[in-house]
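Let me begin by presenting the structure, written as structure tokens, before commenting on it.
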Amino acid sequence: MTVANPAKPAVRPPLVKPDRTVLLVLFFIVTSVLLLVSHETDIMRNLGPLGDVLRNKVVEALVVSLFLANVLFAYLWKAANWAKLLVGIGSLLFVLPLAGQADTSLLDLSIQIMIFAALALGLNIVVGLAGLLDLGYVAFFAVGAYTWSIFASPRFGEVLKYYGENPGSTGSGTLATGLVLTAVTAGSMVYIRGLHARTAPNRLSNLSFLLAGFGLFAGIMLVGRSIMVLFSGSAEALANGINPGFFWLFLALSVMTAALVGVLIGLPVLKLKGDYLAIITLGLGEVIRVLANNLDLYTAGSQGITPIGSASVPWFNSLAGALGFRPEQHYLLFLYVLVLIVIAVILLVNVRLDKSRIGRAWIAIRDDEIAAQAMGVPLMQTKLIAFATGASFAGVMGMIFAAKQTFISPESFNLLQSITVLSMVVLGGMGSFSGVILGAAVVTLLNLRILPGLGEASANVSWIPQEVNPANFNRFIFGSILVAMMLLRPEGLLPNKRVARELHHDQDQEDESAQGNASGLNAGGDVYSAGLATTKEDDKPGGER
Amino acid sequence: MELSVLLPFIVNVIIGGLVLGFVYAIIALGYTMVYGVLQLINFAHSEVFITGAVVGFEIFRILENSAMNGYLKLLLALVAAMIVSGLLNVLIERLAYRPLRGAPRLVPLITAIGVSLILQDTLRFLEGLQGRFDLTYTLPAGFGNKFCAAEGSTCAPLGNFLRTIGVDVQLKDVILVVVALVSLSVLNYVVNRTRLGKAIRAVSQDRVTAGLMGIDSNRMISATFLIGGALGGVSGVLFGMKFGTINAYSGFDPGIIAFTAAVLGGIGSIPGAVLGGLLLGVIQNLIGVTNIFGNLLGLANLETIDASYSKIGPFIVLVLILIFKPTGLLGKSNVEKV
Amino acid sequence: MKKIATKTALSLSVLAALALGTASAQTTIKIATISPLSGGQSNLGTQIRNGVQLAVNEYAAQFKKAGFNLQLVPYDDQADPATGTAAARKIAADNQILAVVGTLNSGVAIPASAALLPSNLVMVSPANTANQVTDRGLANMNRIVARDDSQGPAGANFITDTLKAKKAYVLNDKTAYGEGLAAEVEKALKAKGVTISGSEGTEEKSDFSSIVAKIKLTKPDAIYFGGIYNQIGVFIKQLRGAGINTPVVGGDGLDSSELPVIIGKAGANNVYYTTVAAPLEALPAAKTFAASFQKTFNTPAQGFGAFGYDAAKVTLQGILDAARANGGKAPSRKQVLDTIRKGTYKGLLSGEVSFNSVGDRKAATLYVIKLTAGKAELETSLAVKPPKN
């Protein structure tokens, strides 16, 4: 990674980059060979001392990281398109699965990286594009995970059994009542909305809208409850969850549920600005986790749900079998391919959104809410779409996460996870798609490979006391990287072009002390400088001061 | 259930909430002051606060067997914690936040989270070197006794009265509230009656204009961090004294709730932080006993709301209040200029 | 970045040198631990790691004699299931690792053991009491601690038979461990006709005033709290501070010398817990263990340290037995897995260990320890059995 020299911020990178096709292909071949060799025990045994070095956990973690850097370089470097394609497809579709065949942990790692990449992309829309600081993002991940887990595990049978044993007065009559209530209230809500479009909303119409909302909620609850009771007869048949064929349907459902929860959470809080929003989303994220921990009937509470099924794709399994994958690797390989496809779709959606009307509206809101409103951007609607889009990415990945883990419990969805995803976004570069993916890869690699590798390698070195084993200093190292990155390269590893241009715009001004690298001494000057005006604009999305 | 049993119960729950609320209030002040001058959620404040608690632990541990007066020990612990936490906070600002002055606001926020993580592991490491993880306060004898329990002392009538109406108050609870009130009045004096306070308020209102008036905003920001950190130190010692056992990671949860309290009261507002802290302390405790009321009123749905919900109670209250009053209880509603 | 690069390079070269130096004729055998080494539960996870380390130190000579170089590789799961699973997969890929001791949280143990199963890597748990850890019937999952549904009823029996309680208050810490245990206790108490005057969970670590007020209001004869000592200790301190001397009973999460320190000498009365680890004075080996733990790690051994030590001893003895059966050559993972499941291990801190068909301890003595004025004493011992055999 080339870090821009902070001493000469005015020097811009040359516009014409050297062609690095040969270097790229060479790098690809070398790292691939290294990766494959280091995971083949038979070859390693014959390599002698070299094998020992390669087997070292730090070296191993480094090899994996270098190999993954291939994809990054293919994206960054100027090279012939065939080389880029070769490296990209070759790494992700051939070499990585092949190495994963020998070392399942590589598949696990890649899936985890891509899950986090999708989360980071989703949060990037909310934080990076729309400028809404969300500290409870992992809640949507949890919603997606639980949506699938409840149905694809013995939990579903238990829920049905419970309703079968406690039907109360629920019957088909309740279903009818519920349906009627839902229809009536939904209709009246639509009607009131239409009315609002024509006339100014008054207190009465607001109240009736709220009332209808409660009615709708009650109606849906009634419908849900009566469906549960009516289906309770099939509790036995569904003792192991629903048919795995429903996986594909639930892929869509988890997206929708998470988006819906995003809208529901967003509706009351998106009026708020900046740090108010941050602390409320943090709180609501905790609320979702605590609910998951307390609603024992549906989520099994702290005990967690297990085993969670995955899709069964016989032809894929036989294909994987033919390629020499062991049976227990089939579902991981399947999820790997699935997650690749999903992330490609998410990336596509992102790129399209970014260039669309709504994407421009997000950026407008981020840069100046009031100006955006004045230009006719509907604030609430635009923010809600950002929230829902971000949430939906998390939802689908939550489902894949649940299928990968085969076990989920509320402890996977704590505040630290939200913070980790946020740090991926900021580390990679807010608003930059490639940046946040890189951020996700770096943080996940660090967490799952490099730090454990360091810890393992130093565990049996006698002169390193156990107290200072790097494995114990996960948070310290992670925190240091965050601080160091923010101080040295606040725009992120791969900054968004627009953000970078804004930063350059600042640098072109006479006073440079407003920049991140201003030393303590002359930083006092920023108070008097005209440069602060831009600073204040940057602050705007935070709002309230 | 009889009223004679229920009334002391409710009173005790509220008193417990208020005592907790005073701790939250002082932590919240640290957040709100820093927010006032920098518009930054100082996530590291929860570790600054727990550092104070660790320093207090060390002082009490070192002085455990000395014959020194208990109140003097407490004073020493408070002063030491204030100094260490205050300087730590200034150091953090100097090294981590000042270079980022003018960067987009998420950047210092992430830095604050990073600093918070660094401090957690550092504290654990430092105590771990001595083979400790959970740090249990060794309070002077008598701090844990019932308030005014000694027969024949001047305050015995008060103690007897409290006991007849069924209120349990320990001596350390009273000390906590007194120390909290003293710190609040000192803070109030400093902020509202001194030149320094005036300058800090000026900087938090408008850094540029304050600069034009000849105020060195960087020094004022340092001063704010020093005061906020010192308050963090006080709250740390009070927290440790009240609850007895802490570890390097136990600052995070109260920190989040204290920040919520600051937002609830109207962030940047000092009386707001105190009000928010007290409210959240009481609300948290009341939610913790909702199931008893559900039981009494015969509401089965309330019965399921037990202590496990008391953690999220503050957030739900926050959502409700902010919907109706988006600037918090005592926050000023600023008209944003274009 | 540059600093990190140099640091990595430095440690790399050192490690490379070390790797070259130790590459001798001896076959290296490793065992791994998975436990939280960083974060809020790192004290418990580190106890497990240290307990295992102590056993490895003790067995190193025996392994050397048999021609093996024994090593421990500790992994940090950060108490996070996904991190734990990743660690398990990484362990599975290292062919020198023959067994795993772990984990602290059953939320990690369940997916981690599933990830280890395909490579026949055995896992011996020093801490997971949740029923479904072994109810899944995995061939590689064993545990030396009592299940929730044997420890829970034992605690309930103690409450009804010894404490003669008619009314009990059941608390838990909202983790898989505490909640699972408390649920079993509550079930057993209800079956015995005890009134449950309150049953709730709390994640709160400091302020228990609302719960204490509720206990004062409902006046139970006994309190059961499923959870870990550093939370329950704070609770008991506040309970005693409010003048309530009701007995408090807990599970093996309370087995720690820190507990009376946290409660404070004055209040550390009438506190009971059930554990499989023998009390120090009952077993000479326990005393030696405590002394050498303190000497090696400069910190007193807690319950989890003892469980980790026992789990490691089972594992290491199993590996040695498997090697013997394999003609002195390093055994395969499958052989280790089978040997450990079939073997009987004596002389542990928690008595004799042998596993049933799903990996639960066949029979164990559960000691009920009582705290009196801060001193732990053996109150009584109960024999417990898993539901299956």
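Residues are named by chain letter and number: chains run A, B, ... in the order of the structure tokens, numbers start at 1 in each chain, and ligands are numbered from 1 in the order shown.
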
Pick out the chain C residues within 9 Å of chain A. Count only C-alpha atoms. Give them as a PyMOL selection string. chain C and resi 1+8+11-12+15-20+23+36-39+42+46+71-76+78-83+85-95+106-107+110-112+114-115+118+130+132+136+174-177+179-180+201+297

Please return as an MDAnalysis selection string: the residues of region 162-256 of chain C that backbone DSSP assigns to helix (DSSP H, G or I). chainID C and resid 162 176:191 209:218 229:241 252:254

Go ahead and dump the residues you just picked, N, CA and C atoms, as a CSV table (one decimal), in the first residue's frame.
```csv
chain,number,residue,atom,x,y,z
C,162,THR,N,-31.6,-29.4,51.5
C,162,THR,CA,-30.7,-28.9,52.6
C,162,THR,C,-31.2,-27.5,53.1
C,176,ALA,N,-26.0,-18.0,27.4
C,176,ALA,CA,-26.5,-19.4,27.2
C,176,ALA,C,-26.2,-20.2,28.5
C,177,TYR,N,-25.1,-19.9,29.1
C,177,TYR,CA,-24.7,-20.7,30.3
C,177,TYR,C,-25.7,-20.4,31.4
C,178,GLY,N,-25.8,-19.2,31.8
C,178,GLY,CA,-26.6,-18.8,33.0
C,178,GLY,C,-28.1,-19.1,32.8
C,179,GLU,N,-28.6,-18.8,31.6
C,179,GLU,CA,-30.0,-18.9,31.4
C,179,GLU,C,-30.4,-20.4,31.3
C,180,GLY,N,-29.5,-21.2,30.6
C,180,GLY,CA,-29.8,-22.6,30.5
C,180,GLY,C,-29.8,-23.3,31.9
C,181,LEU,N,-28.8,-22.9,32.7
C,181,LEU,CA,-28.7,-23.5,34.0
C,181,LEU,C,-29.9,-23.1,34.9
C,182,ALA,N,-30.3,-21.8,34.9
C,182,ALA,CA,-31.4,-21.3,35.7
C,182,ALA,C,-32.7,-22.0,35.2
C,183,ALA,N,-32.8,-22.2,33.9
C,183,ALA,CA,-34.1,-22.8,33.4
C,183,ALA,C,-34.2,-24.2,34.0
C,184,GLU,N,-33.1,-24.9,34.0
C,184,GLU,CA,-33.2,-26.3,34.6
C,184,GLU,C,-33.5,-26.3,36.1
C,185,VAL,N,-32.9,-25.3,36.8
C,185,VAL,CA,-33.2,-25.2,38.2
C,185,VAL,C,-34.6,-24.9,38.4
C,186,GLU,N,-35.1,-24.0,37.6
C,186,GLU,CA,-36.5,-23.6,37.8
C,186,GLU,C,-37.5,-24.7,37.6
C,187,LYS,N,-37.2,-25.5,36.5
C,187,LYS,CA,-38.0,-26.6,36.2
C,187,LYS,C,-38.0,-27.6,37.3
C,188,ALA,N,-36.8,-27.9,37.9
C,188,ALA,CA,-36.7,-28.9,38.9
C,188,ALA,C,-37.4,-28.4,40.2
C,189,LEU,N,-37.3,-27.1,40.5
C,189,LEU,CA,-37.9,-26.6,41.7
C,189,LEU,C,-39.4,-26.6,41.6
C,190,LYS,N,-39.9,-26.3,40.4
C,190,LYS,CA,-41.4,-26.3,40.2
C,190,LYS,C,-41.9,-27.8,40.4
C,191,ALA,N,-41.1,-28.7,39.8
C,191,ALA,CA,-41.5,-30.1,40.0
C,191,ALA,C,-41.6,-30.5,41.4
C,209,SER,N,-30.0,-2.7,42.1
C,209,SER,CA,-30.9,-2.3,43.2
C,209,SER,C,-32.3,-2.6,42.9
C,210,SER,N,-32.8,-2.7,41.6
C,210,SER,CA,-34.2,-3.0,41.4
C,210,SER,C,-34.4,-4.5,41.7
C,211,ILE,N,-33.5,-5.3,41.4
C,211,ILE,CA,-33.7,-6.8,41.7
C,211,ILE,C,-33.6,-7.0,43.2
C,212,VAL,N,-32.7,-6.3,43.9
C,212,VAL,CA,-32.6,-6.4,45.3
C,212,VAL,C,-33.9,-6.0,46.0
C,213,ALA,N,-34.5,-4.9,45.5
C,213,ALA,CA,-35.8,-4.4,46.0
C,213,ALA,C,-36.9,-5.4,45.8
C,214,LYS,N,-36.9,-6.0,44.6
C,214,LYS,CA,-37.9,-7.1,44.4
C,214,LYS,C,-37.7,-8.3,45.3
C,215,ILE,N,-36.5,-8.6,45.6
C,215,ILE,CA,-36.2,-9.7,46.5
C,215,ILE,C,-36.7,-9.4,47.9
C,216,LYS,N,-36.5,-8.2,48.2
C,216,LYS,CA,-36.9,-7.7,49.6
C,216,LYS,C,-38.4,-7.8,49.7
C,217,LEU,N,-39.1,-7.5,48.6
C,217,LEU,CA,-40.5,-7.4,48.6
C,217,LEU,C,-41.1,-8.8,48.6
C,218,THR,N,-40.5,-9.8,47.8
C,218,THR,CA,-41.1,-11.1,47.7
C,218,THR,C,-40.6,-12.1,48.8
C,229,TYR,N,-19.0,-15.5,38.4
C,229,TYR,CA,-18.8,-14.9,39.7
C,229,TYR,C,-18.7,-13.4,39.7
C,230,ASN,N,-18.1,-12.8,38.6
C,230,ASN,CA,-17.9,-11.4,38.8
C,230,ASN,C,-19.1,-10.6,38.6
C,231,GLN,N,-20.2,-11.2,38.1
C,231,GLN,CA,-21.5,-10.5,38.2
C,231,GLN,C,-22.2,-10.8,39.5
C,232,ILE,N,-22.3,-12.1,39.8
C,232,ILE,CA,-23.0,-12.6,41.0
C,232,ILE,C,-22.4,-12.0,42.2
C,233,GLY,N,-21.1,-11.9,42.3
C,233,GLY,CA,-20.5,-11.4,43.5
C,233,GLY,C,-20.9,-10.0,43.8
C,234,VAL,N,-21.0,-9.2,42.7
C,234,VAL,CA,-21.5,-7.8,42.9
C,234,VAL,C,-22.9,-7.8,43.4
C,235,PHE,N,-23.7,-8.7,42.8
C,235,PHE,CA,-25.1,-8.8,43.2
C,235,PHE,C,-25.2,-9.2,44.7
C,236,ILE,N,-24.4,-10.2,45.1
C,236,ILE,CA,-24.5,-10.6,46.5
C,236,ILE,C,-24.1,-9.5,47.4
C,237,LYS,N,-23.1,-8.8,47.0
C,237,LYS,CA,-22.6,-7.7,47.9
C,237,LYS,C,-23.7,-6.7,48.1
C,238,GLN,N,-24.4,-6.3,47.0
C,238,GLN,CA,-25.5,-5.4,47.2
C,238,GLN,C,-26.7,-6.0,48.0
C,239,LEU,N,-26.9,-7.2,47.8
C,239,LEU,CA,-28.0,-7.9,48.5
C,239,LEU,C,-27.7,-7.9,50.0
C,240,ARG,N,-26.5,-8.2,50.4
C,240,ARG,CA,-26.1,-8.2,51.8
C,240,ARG,C,-26.1,-6.8,52.3
C,241,GLY,N,-25.7,-5.9,51.5
C,241,GLY,CA,-25.6,-4.5,51.9
C,241,GLY,C,-27.0,-4.0,52.3
C,252,ASP,N,-21.3,-23.8,38.6
C,252,ASP,CA,-19.8,-23.8,38.6
C,252,ASP,C,-19.2,-22.5,38.2
C,253,GLY,N,-20.1,-21.6,37.6
C,253,GLY,CA,-19.5,-20.3,37.3
C,253,GLY,C,-19.1,-19.5,38.5
C,254,LEU,N,-19.5,-19.9,39.7
C,254,LEU,CA,-19.1,-19.2,40.9
C,254,LEU,C,-17.8,-19.7,41.5
```

Just need the residues of chain B within 9 Å of chain C, counting only C-alpha atoms, so spit them out as number ranges by chain. B: 5-6, 9-10, 12-14, 16-17, 20, 120-121, 128-138, 144-146, 168-170, 239, 242-250, 253, 284-289, 292, 304, 306-311

Name all residues at most 9 Å from Lys73 (chain B) (count only C-alpha atoms; drop same-chain ones fewer than 3 positions away) and give them as a PDB file with C-alpha atoms, in the first residue's frame.
```pdb
ATOM      1  CA  ILE B  59      -5.258   4.273  46.073  1.00  0.00           C
ATOM      2  CA  PHE B  60      -7.668   2.362  48.294  1.00  0.00           C
ATOM      3  CA  LEU B  63      -3.944   2.604  51.767  1.00  0.00           C
ATOM      4  CA  MET B  68      -5.742   7.093  57.771  1.00  0.00           C
ATOM      5  CA  ASN B  69      -9.230   8.484  58.145  1.00  0.00           C
ATOM      6  CA  GLY B  70     -11.639   6.932  55.628  1.00  0.00           C
ATOM      7  CA  LEU B  76      -6.988  11.220  48.039  1.00  0.00           C
ATOM      8  CA  ALA B  77      -8.553   8.702  45.681  1.00  0.00           C
ATOM      9  CA  LEU B  78     -10.785  11.365  44.164  1.00  0.00           C
ATOM     10  CA  LEU B 139     -13.402   0.648  51.108  1.00  0.00           C
ATOM     11  CA  PRO B 140     -12.699   2.061  54.539  1.00  0.00           C
TER      12      PRO B 140
END
```

Could you please select, counting only C-alpha atoms, the residues of chain B within 7 Å of chain A and state them as a ChimeraX atom specification? /B:98-105,107,110-111,114-115,117-118,121,207-208,211,218,260,263,312,315,319,323,326,338

Export of prior selection with N, CA and C atoms as a tab-separated table (two decimals), in the first residue's frame:
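Generated output (selection05.tsv):
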```
chain	number	residue	atom	x	y	z
B	98	ARG	N	-6.75	16.56	18.12
B	98	ARG	CA	-6.35	17.87	17.60
B	98	ARG	C	-5.86	17.81	16.16
B	99	PRO	N	-5.06	16.80	15.81
B	99	PRO	CA	-4.62	16.75	14.41
B	99	PRO	C	-5.78	16.60	13.44
B	100	LEU	N	-6.94	16.22	13.94
B	100	LEU	CA	-8.06	15.97	13.05
B	100	LEU	C	-9.06	17.11	13.04
B	101	ARG	N	-8.71	18.19	13.68
B	101	ARG	CA	-9.58	19.33	13.68
B	101	ARG	C	-9.87	19.72	12.24
B	102	GLY	N	-11.11	19.76	11.86
B	102	GLY	CA	-11.43	20.16	10.50
B	102	GLY	C	-11.66	19.00	9.56
B	103	ALA	N	-11.35	17.79	10.00
B	103	ALA	CA	-11.66	16.62	9.16
B	103	ALA	C	-13.16	16.35	9.25
B	104	PRO	N	-13.72	15.61	8.28
B	104	PRO	CA	-15.14	15.26	8.39
B	104	PRO	C	-15.41	14.61	9.72
B	105	ARG	N	-16.59	14.81	10.28
B	105	ARG	CA	-16.79	14.49	11.69
B	105	ARG	C	-16.75	13.01	12.01
B	107	VAL	N	-14.45	11.07	11.10
B	107	VAL	CA	-13.05	10.69	11.29
B	107	VAL	C	-12.64	10.75	12.76
B	110	ILE	N	-14.35	7.84	14.68
B	110	ILE	CA	-13.69	6.55	14.56
B	110	ILE	C	-12.41	6.54	15.40
B	111	THR	N	-11.70	7.68	15.39
B	111	THR	CA	-10.51	7.77	16.22
B	111	THR	C	-10.86	7.55	17.68
B	114	GLY	N	-11.32	4.04	18.34
B	114	GLY	CA	-10.01	3.40	18.37
B	114	GLY	C	-9.31	3.62	19.70
B	115	VAL	N	-9.31	4.86	20.17
B	115	VAL	CA	-8.67	5.18	21.44
B	115	VAL	C	-9.32	4.38	22.57
B	117	LEU	N	-10.75	1.47	22.38
B	117	LEU	CA	-10.30	0.07	22.34
B	117	LEU	C	-8.87	-0.06	22.87
B	118	ILE	N	-8.03	0.91	22.49
B	118	ILE	CA	-6.63	0.87	22.95
B	118	ILE	C	-6.58	0.93	24.47
B	121	ASP	N	-7.62	-2.37	26.41
B	121	ASP	CA	-6.61	-3.43	26.50
B	121	ASP	C	-5.42	-2.99	27.33
B	207	ARG	N	-16.63	28.86	17.61
B	207	ARG	CA	-15.19	28.84	17.76
B	207	ARG	C	-14.53	30.00	17.01
B	208	VAL	N	-15.08	30.33	15.83
B	208	VAL	CA	-14.45	31.35	15.00
B	208	VAL	C	-14.57	32.71	15.68
B	211	GLY	N	-12.45	33.05	18.59
B	211	GLY	CA	-11.08	33.30	18.17
B	211	GLY	C	-10.87	34.78	17.86
B	218	ASN	N	-7.74	26.51	21.21
B	218	ASN	CA	-7.11	25.23	21.53
B	218	ASN	C	-6.89	25.07	23.01
B	260	THR	N	-26.34	8.58	26.41
B	260	THR	CA	-27.78	8.68	26.15
B	260	THR	C	-28.40	9.73	27.06
B	263	VAL	N	-27.72	13.11	25.72
B	263	VAL	CA	-28.57	13.42	24.57
B	263	VAL	C	-29.99	13.71	25.04
B	312	ILE	N	-32.42	-1.61	27.91
B	312	ILE	CA	-32.87	-0.93	26.71
B	312	ILE	C	-33.91	0.13	27.03
B	315	PHE	N	-33.03	3.67	26.03
B	315	PHE	CA	-33.08	3.98	24.60
B	315	PHE	C	-34.50	4.21	24.13
B	319	VAL	N	-35.94	7.53	22.39
B	319	VAL	CA	-36.65	7.62	21.11
B	319	VAL	C	-37.93	8.42	21.30
B	323	ILE	N	-38.66	12.14	19.62
B	323	ILE	CA	-39.68	12.30	18.59
B	323	ILE	C	-40.47	13.58	18.86
B	326	PRO	N	-37.03	17.08	19.61
B	326	PRO	CA	-35.82	16.60	18.96
B	326	PRO	C	-34.52	17.17	19.53
B	338	VAL	N	-28.49	28.84	6.60
B	338	VAL	CA	-27.93	28.31	5.35
B	338	VAL	C	-26.69	29.10	4.99
```

What does the structure give for the distance between CA of Leu216 (chain A) and CA of Leu264 (chain A), in Å to one decimal?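 Going from CA of Leu216 (chain A) over to CA of Leu264 (chain A) covers 13.4 Å.
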
Given only C-alpha atoms as the basis, pick out the residue of B:Val182, B:Met213, B:Leu7, B:Ala230 nearest to Leu87 (chain B). B:Ala230

Selection: 10 Å around Asp221 (chain C), only C-alpha atoms, excl. self and same-chain fewer than 2 positions, as number ranges by chain: C: 159-160, 163-169, 195, 197, 215, 218-219, 223, 245-248
